[in-house]
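Visitor: To be precise about what I am sending: the file is called entry10.pdb and holds PDB, C-alpha atoms.
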```
ATOM      1  CA  MET D   1     162.322  46.686 112.302
ATOM      2  CA  ILE D   2     160.835  47.617 108.993
ATOM      3  CA  THR D   3     158.255  50.384 108.927
ATOM      4  CA  CYS D   4     155.794  50.986 106.200
ATOM      5  CA  LEU D   5     155.966  54.643 105.312
ATOM      6  CA  THR D   6     153.120  54.375 102.841
ATOM      7  CA  CYS D   7     150.912  52.710 105.463
ATOM      8  CA  ASP D   8     151.359  55.607 107.889
ATOM      9  CA  LYS D   9     150.757  58.059 105.077
ATOM     10  CA  ASN D  10     147.561  56.228 104.051
ATOM     11  CA  GLN D  11     146.278  56.226 107.641
ATOM     12  CA  GLU D  12     146.952  59.949 107.972
ATOM     13  CA  ASP D  13     145.211  60.641 104.654
ATOM     14  CA  TYR D  14     142.228  58.551 105.788
ATOM     15  CA  LYS D  15     141.990  60.453 109.096
ATOM     16  CA  ILE D  16     142.183  63.820 107.336
ATOM     17  CA  LYS D  17     139.517  62.801 104.798
ATOM     18  CA  LEU D  18     137.296  61.517 107.599
ATOM     19  CA  LEU D  19     137.744  64.773 109.535
ATOM     20  CA  ILE D  20     136.951  66.847 106.426
ATOM     21  CA  GLY D  21     133.863  64.708 105.779
ATOM     22  CA  ILE D  22     132.638  65.206 109.346
ATOM     23  CA  ILE D  23     133.204  68.974 109.109
ATOM     24  CA  ILE D  24     131.288  69.119 105.798
ATOM     25  CA  LEU D  25     128.365  67.134 107.238
ATOM     26  CA  LEU D  26     128.278  69.326 110.338
ATOM     27  CA  THR D  27     128.354  72.483 108.188
ATOM     28  CA  LEU D  28     125.525  71.168 105.987
ATOM     29  CA  HIS D  29     123.461  70.300 109.050
ATOM     30  CA  LEU D  30     123.935  73.763 110.539
ATOM     31  CA  GLN D  31     123.134  75.453 107.234
ATOM     32  CA  TYR D  32     119.942  73.425 106.926
ATOM     33  CA  ARG D  33     118.852  74.482 110.411
ATOM     34  CA  LEU D  34     119.722  78.094 109.617
ATOM     35  CA  TRP D  35     117.607  78.263 106.466
ATOM     36  CA  PHE D  36     114.857  75.677 106.971
ATOM     37  CA  GLY D  37     114.796  74.411 110.559
ATOM     38  CA  ASP D  38     113.330  75.705 113.792
ATOM     39  CA  GLY D  39     114.415  79.315 114.320
ATOM     40  CA  SER D  40     115.317  79.741 110.659
ATOM     41  CA  VAL D  41     115.825  83.099 109.022
ATOM     42  CA  GLU D  42     112.345  82.979 107.452
ATOM     43  CA  GLN D  43     110.727  82.137 110.772
ATOM     44  CA  VAL D  44     112.531  84.988 112.504
ATOM     45  CA  LEU D  45     111.270  87.409 109.845
ATOM     46  CA  GLN D  46     107.709  86.134 110.327
ATOM     47  CA  TYR D  47     108.021  86.605 114.081
ATOM     48  CA  GLN D  48     109.319  90.143 113.596
ATOM     49  CA  GLN D  49     106.365  91.005 111.348
ATOM     50  CA  ARG D  50     103.928  89.528 113.847
ATOM     51  CA  LEU D  51     105.587  91.441 116.680
ATOM     52  CA  ALA D  52     105.314  94.697 114.733
ATOM     53  CA  ALA D  53     101.599  94.080 114.109
ATOM     54  CA  LEU D  54     101.004  93.276 117.780
ATOM     55  CA  LYS D  55     102.864  96.419 118.854
ATOM     56  CA  LYS D  56     100.690  98.472 116.502
ATOM     57  CA  GLN D  57      97.518  96.909 117.949
ATOM     58  CA  ALA D  58      98.749  97.523 121.483
ATOM     59  CA  GLU D  59      99.458 101.176 120.683
ATOM     60  CA  GLN D  60      95.965 101.612 119.186
ATOM     61  CA  LYS D  61      94.385 100.046 122.252
ATOM     62  CA  ARG D  62      96.530 102.200 124.538
ATOM     63  CA  GLU D  63      95.355 105.332 122.700
ATOM     64  CA  ARG D  64      91.727 104.192 122.961
ATOM     65  CA  ASN D  65      92.163 103.532 126.681
ATOM     66  CA  ASP D  66      93.639 107.008 127.140
ATOM     67  CA  GLU D  67      90.652 108.537 125.347
ATOM     68  CA  LEU D  68      88.203 106.581 127.494
ATOM     69  CA  TYR D  69      90.076 107.508 130.663
ATOM     70  CA  ALA D  70      89.956 111.202 129.719
ATOM     71  CA  GLU D  71      86.235 110.889 129.025
ATOM     72  CA  VAL D  72      85.624 109.228 132.400
ATOM     73  CA  LEU D  73      87.515 112.010 134.154
ATOM     74  CA  ASP D  74      85.532 114.584 132.213
ATOM     75  CA  LEU D  75      82.251 112.909 133.149
ATOM     76  CA  ARG D  76      83.222 112.799 136.805
ATOM     77  CA  LYS D  77      84.347 116.411 136.734
ATOM     78  CA  GLY D  78      81.508 118.402 135.335
ATOM     79  CA  GLN D  79      77.882 118.784 134.467
ATOM     80  CA  GLU D  80      78.742 120.124 131.001
ATOM     81  CA  ALA D  81      80.061 116.771 129.878
ATOM     82  CA  ILE D  82      76.895 115.050 131.052
ATOM     83  CA  GLU D  83      74.756 117.592 129.197
ATOM     84  CA  GLU D  84      76.848 117.173 126.051
ATOM     85  CA  ARG D  85      76.465 113.398 126.246
ATOM     86  CA  ALA D  86      72.681 113.739 126.732
ATOM     87  CA  ARG D  87      72.395 116.062 123.739
ATOM     88  CA  TYR D  88      74.411 114.038 121.237
ATOM     89  CA  ASP D  89      73.699 110.484 122.336
ATOM     90  CA  LEU D  90      70.122 110.762 123.612
ATOM     91  CA  GLY D  91      68.854 113.794 121.658
ATOM     92  CA  MET D  92      67.761 115.644 124.830
ATOM     93  CA  ILE D  93      67.306 119.412 125.063
ATOM     94  CA  LYS D  94      66.922 121.875 127.961
ATOM     95  CA  LYS D  95      63.779 123.752 128.828
ATOM     96  CA  ASN D  96      63.237 126.887 126.754
ATOM     97  CA  GLU D  97      65.743 125.619 124.181
ATOM     98  CA  SER D  98      65.030 125.114 120.482
ATOM     99  CA  PHE D  99      66.343 122.176 118.501
ATOM    100  CA  PHE D 100      66.996 122.485 114.784
ATOM    101  CA  GLN D 101      67.938 119.511 112.642
ATOM    102  CA  VAL D 102      69.587 120.193 109.313
ATOM    103  CA  ILE D 103      69.122 117.471 106.737
ATOM    104  CA  GLU D 104      71.503 117.559 103.823
TER     105      GLU D 104
END
```
Could you express the structure from this file as structure tokens?
Guide:
Amino acid sequence: MITCLTCDKNQEDYKIKLLIGIIILLTLHLQYRLWFGDGSVEQVLQYQQRLAALKKQAEQKRERNDELYAEVLDLRKGQEAIEERARYDLGMIKKNESFFQVIE
């Protein structure tokens, strides 16, 4: 039986080249998805910026809600808050009280 040593060597070389080609194509595909595809680095950065902006808006709204809640409690609690509101918002004054408006 005569064996062809060069034939086996050529088949092995072909298999190795094919495997290397497949690995290169797979690497290129993954790199493309990393930089340009869905969930790319740029898209992640955009999402992080959007998340930061939304967190800032949520914090501002939370602070505003806290202020409004404190004002509601103050209004429920005392007559002074109601009088203060009437003076500043409606321009009302008490009996026997003088009102002076300073125009600058």
Visitor: For CA of Asp89 in chain D and CA of Glu63 in chain D, quote the distance in Å rounded to one decimal.
Guide: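 Separation of CA of Asp89 in chain D and CA of Glu63 in chain D: 22.3 Å.
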Visitor: Just give me the gap between CA of Leu45 in chain D and CA of Lys61 in chain D in Å, one decimal is fine.
Guide: 24.5 Å
Visitor: Under the rule that all atoms listed in the file are counted, which of D:Gly21, D:Glu71, D:Leu54, D:Leu26 is the nearest residue to Glu84 in chain D?
Guide: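 Among the listed residues, D:Glu71 lies closest to Glu84 in chain D.
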Visitor: CA of Glu97 in chain D and CA of Ile82 in chain D, how far apart in Å?
Guide: 16.8 Å
Visitor: Nearest residue to Val72 in chain D out of D:Arg85, D:Lys15, D:Lys56, D:Arg50, using all atoms listed in the file?
Guide: D:Arg85
Visitor: To test the calculation: enclose all listed atoms of range 19-27 of chain D in a box whose edges run along x, y and z, add 6 Å on each side, then state centre and edge lengths in Å to one decimal, as lines of an AutoDock Vina configuration file.
Guide:
```
center_x = 133.0
center_y = 68.6
center_z = 108.1
size_x = 21.5
size_y = 19.8
size_z = 16.6
```
